[in-house]
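Accompanying notes for the structure given below.
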Amino acid sequence: MRHFGHIAPEERRRLFHQEPCAFGTDSPAKLLSAALGATLYSPATRLRLADDVIKQAGQGVVSMVLCLEDSIGDDDVLAGEENLVRQFADLAGRPEELPLLFIRVRTAEQIPDLVRRLGDSVRLLSGFVFPKFTEERGTAFLEALSAAELASGRRLFGMPVLETPELMYRETRVEALEGIARAVDKYRDRVLALRLGVTDFCSSYGLRRAPDMTAYDVQIVASVIADVVNMLGRADGTGFTVTGPVWEYFRVPQRMFKPQLRTSPFLEVEAVELRERLIEHAMDGLLREISLDHANGLLGKTCIHPSHVPAVHALSVVSHEEYSDAADILRPERGGGGVLRSQYTNKMNEVKPHRAWAERTMLRAEVFGVAHEDVGFVDLLAAGIPG
C-alpha cells in the first residue's frame with residue numbers, strides 16, 4: 001500500500017516531486033509508525049465490517065482500529081469479538097489490498113484469546129491498541145502481546161492510548177509519565193506509536209472543545225500534550241511517534257465541497273478563492289489542529305469519520321520547500337555544521353540545530369511524498385477526496 005495509492009498514477013506524477021513509498025505489514029517499524037496517517041476507528045460490532053474495511057482502503061485509508069472499547073456498549077463486547085472473528089475470516093478470502101488493522105481491546109486477557117480465535121486470519125492483524133495505559137495496566141497488555149506473538153508466530157505491534165486522569169492531574173503527571181516510559185521502553189520494538197486520548201482528558205474536567213477550537217486552545221489539555229512530547233517524543237533516539245488527538249466533528253459532509261474542488265463556473269482565480277473559502281468554512285478547526293499537531297511534534301491522527309482522512313494526509317505531504325531545506329541540511333559535506341541560506345532564499349538553515357528536524361522531515365517525505373513546487377494543500381486535498 002502507499003499514501004495516495006487510490007488515485008491514478010498520472011495524477012500522482014502531476015502532484016508529487018517524490019511519490020510516497022510503498023509499505024506493508026512487514027515493513028520496518030520506524031517506517032510504519034510514520035506512515036500510520038489518519039487512523040480510522042470503527043466499532044467492532046459493524047455487521048458489514050469487512051466491506052467497510054475494503055471500501056475505506058479503496059479511498060485512501062492505510063490504518064484502521066476495530067474497536068471493542070468505548071465505541072461499543074458493555075453488553076456488546078462478546079458479540080463484537082465474535083463479529084471480528086467472522087469479519088477477519090471474510091477478509092482473508094478476499095483479494096483486495098487491506099490497510100494496517102489493529103484491534104482496540106478492553107483487557108489484556110482479550111489479546112491471546114482473540115489471536116487464538118482468529119486462526120489463520122491473524123496474518124491480517126498488525127496489532128492491538130491498549131486503552132487507558134498506565135505502567136501497571138500497560139505492562140499486562142505488553143506481556144500479553146509478547147505471548148500472543150510467540151503463540152501465533154506473527155509480528156504484532158502495540159499502540160498504547162494515554163488518557164488516564166493521572167496524566168491530567170498536575171500532582172501525578174510526572175510520576176505517571178515516568179512509569180509509562182519504563183513500560184514502553186522495555187518493549188520498545190513492539191510499541192509502534194503512542195496515541196493521545198484527549199476526549200478522556202477533557203472528561204476529567206467536564207470539558208468539550210467547540211468546533212472552532214483545537215485541543216491546543218484548551219490550555220489544560222495542551223499542557224498534557226506538551227509534557228507527553230517532552231518525555232516520550234524526543235528526537236534523541238529515546239522517543240516514540242506520538243499521534244494527534246481525535247477531531248470529534250463531522251457536520252459538513254465531504255461531498256459538500258467536492259464538486260467545487262473539481263470544477264467551477266467562475267474564472268480560474270475566482271475558482272481558487274472559492275475552493276479555499278469552502279475548505280476554510282468546512283474544515284477550519286480540523287486543519288488548524290492538524291497543523292498544530294505537526295508544530296508540536298505529533299504525526300498522524302486518530303479519526304472517527306472518513307471525511308477527516310484526506311485532510312490529515314494532504315497536510316502530511318512534505319512541501320517542496322521543506323524538502324529542499326532538509327536535503328541541504330543533511331548533505332554529507334554539512335557534517336561539520338554551519339549556517340547556510342536556504343535555496344528559497346527566505347531563511348537561514350542551521351545545520352546542527354535543524355538536523356533532527358531534517359531527519360524527521362525526510363522520513364515523512366518517504367511515506368507521504370514531496371509535492372511539486374507549484375502544488376499546494378488544496379490540490380492535494382482535492383486529489384485525495386474519494387470520487
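Residues are named by chain letter and number: chains run A, B, ... in the order of the C-alpha cells, numbers start at 1 in each chain, and ligands are numbered from 1 in the order shown.
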- Query: Neighbours of Arg106 (chain A) within 9 Å (only C-alpha atoms; same-chain residues fewer than 6 positions away dropped), as a ChimeraX atom specification?
  - Reply: /A:68-70,77,130-131
Output N, CA and C atoms for every residue in that selection, as an mmCIF file, in the first residue's frame.
```cif
data_model
loop_
_atom_site.group_PDB
_atom_site.id
_atom_site.type_symbol
_atom_site.label_atom_id
_atom_site.label_comp_id
_atom_site.auth_asym_id
_atom_site.auth_seq_id
_atom_site.Cartn_x
_atom_site.Cartn_y
_atom_site.Cartn_z
ATOM 1 N N LEU A 68 -13.242 -2.499 20.359
ATOM 2 C CA LEU A 68 -14.046 -3.239 21.319
ATOM 3 C C LEU A 68 -14.194 -2.479 22.636
ATOM 4 N N GLU A 69 -13.736 -1.227 22.638
ATOM 5 C CA GLU A 69 -13.756 -0.487 23.905
ATOM 6 C C GLU A 69 -14.864 0.556 23.919
ATOM 7 N N ASP A 70 -14.509 1.839 24.003
ATOM 8 C CA ASP A 70 -15.515 2.873 24.259
ATOM 9 C C ASP A 70 -16.564 3.027 23.165
ATOM 10 N N VAL A 77 -19.679 -6.533 24.025
ATOM 11 C CA VAL A 77 -18.276 -6.934 23.838
ATOM 12 C C VAL A 77 -18.170 -8.335 23.255
ATOM 13 N N PHE A 130 -4.072 -0.359 23.191
ATOM 14 C CA PHE A 130 -4.261 -0.557 24.630
ATOM 15 C C PHE A 130 -4.875 0.698 25.240
ATOM 16 N N PRO A 131 -6.100 0.652 25.731
ATOM 17 C CA PRO A 131 -6.733 1.851 26.295
ATOM 18 C C PRO A 131 -6.244 2.144 27.716
#
```
- Nearby residues (only C-alpha atoms) at most 10 Å from Ala38 (chain A), same-chain spacing under 5 positions excluded, as a PyMOL selection string: chain A and resi 60-64+243-244+246+299-306+308-313+316
- Have a look at CA of Leu36 (chain A) and CA of Tyr169 (chain A) and let me know their distance in Å, one decimal.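 These two atoms are separated by 29.5 Å.
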- Message: Can you tell me which residues surround region 42-48 of chain A at a distance of at most 7 Å, considering only C-alpha atoms, apart from same-chain residues fewer than 6 positions away, and format the answer as a list in words?
- Response: Val65, Leu66, Cys67, Leu68, Ser71, Ile72, Ala79, Gly80, Asn83 and Leu84 of chain A
Those residues with N, CA and C atoms, as a PDB file, in the first residue's frame please?
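Printed below is result.pdb as written:
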```
ATOM      1  N   VAL A  65      -8.494   1.018  13.213  1.00  0.00           N
ATOM      2  CA  VAL A  65      -8.640   0.382  14.518  1.00  0.00           C
ATOM      3  C   VAL A  65     -10.069  -0.113  14.636  1.00  0.00           C
ATOM      4  N   LEU A  66     -10.212  -1.399  14.896  1.00  0.00           N
ATOM      5  CA  LEU A  66     -11.518  -2.013  15.081  1.00  0.00           C
ATOM      6  C   LEU A  66     -11.740  -2.111  16.587  1.00  0.00           C
ATOM      7  N   CYS A  67     -12.723  -1.363  17.074  1.00  0.00           N
ATOM      8  CA  CYS A  67     -12.773  -1.027  18.500  1.00  0.00           C
ATOM      9  C   CYS A  67     -13.757  -1.887  19.285  1.00  0.00           C
ATOM     10  N   LEU A  68     -13.242  -2.499  20.359  1.00  0.00           N
ATOM     11  CA  LEU A  68     -14.046  -3.239  21.319  1.00  0.00           C
ATOM     12  C   LEU A  68     -14.194  -2.479  22.636  1.00  0.00           C
ATOM     13  N   SER A  71     -16.277   2.579  21.956  1.00  0.00           N
ATOM     14  CA  SER A  71     -17.227   2.809  20.866  1.00  0.00           C
ATOM     15  C   SER A  71     -18.409   1.837  20.901  1.00  0.00           C
ATOM     16  N   ILE A  72     -18.351   0.818  21.771  1.00  0.00           N
ATOM     17  CA  ILE A  72     -19.467  -0.118  21.866  1.00  0.00           C
ATOM     18  C   ILE A  72     -19.895  -0.240  23.326  1.00  0.00           C
ATOM     19  N   ALA A  79     -20.360 -10.044  21.537  1.00  0.00           N
ATOM     20  CA  ALA A  79     -20.836 -10.025  20.151  1.00  0.00           C
ATOM     21  C   ALA A  79     -19.804  -9.367  19.240  1.00  0.00           C
ATOM     22  N   GLY A  80     -19.132  -8.334  19.741  1.00  0.00           N
ATOM     23  CA  GLY A  80     -18.098  -7.673  18.953  1.00  0.00           C
ATOM     24  C   GLY A  80     -16.927  -8.595  18.671  1.00  0.00           C
ATOM     25  N   ASN A  83     -17.994 -11.091  16.090  1.00  0.00           N
ATOM     26  CA  ASN A  83     -18.088 -10.443  14.781  1.00  0.00           C
ATOM     27  C   ASN A  83     -16.708 -10.232  14.169  1.00  0.00           C
ATOM     28  N   LEU A  84     -15.739  -9.849  14.993  1.00  0.00           N
ATOM     29  CA  LEU A  84     -14.382  -9.661  14.481  1.00  0.00           C
ATOM     30  C   LEU A  84     -13.833 -10.958  13.889  1.00  0.00           C
TER      31      LEU A  84
END
```
- Message: I need the helix (DSSP H, G or I) residues of region 88-222 of chain A per DSSP on the backbone, written as a PyMOL selection string.
- Response: chain A and resi 88-92+110-124+135-152+165-168+170-186+188-190+198-203+215-217+219-222
- Message: Report as a list in words all protein, DNA and RNA residues lying within 12 Å of Asp328 (chain A), evaluated on only C-alpha atoms, omitting residues in the same chain fewer than 3 positions from it.
- Response: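 Within the cut-off, the hits are Glu321, Glu322, Tyr323, Ser324, Asp325, Arg331, Pro332, Glu333, Arg334, Gly335, Gly337, Gly338, Val339, Leu340, Arg341, Ser342, Gln343, Tyr344, Met348, Asn349, Glu350, Val351, Lys352, His354, Arg355, Ala358, Glu359 and Met362 of chain A.
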- Identify, on the basis of only C-alpha atoms, every residue whose closest approach to Glu163 (chain A) does not exceed 7 Å; exclude the query and any residue fewer than 5 positions from it along the same chain; express the result as a PyMOL selection string. chain A and resi 132+196-198+200-201
- Message: Between A:Arg13, A:Arg123, A:Arg190, A:Lys347, which residue has the minimum interatomic distance to Leu32 (chain A), considering only C-alpha atoms?
- Response: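 Of A:Arg13, A:Arg123, A:Arg190, A:Lys347, the one nearest Leu32 (chain A), counting only C-alpha atoms, is A:Arg190.
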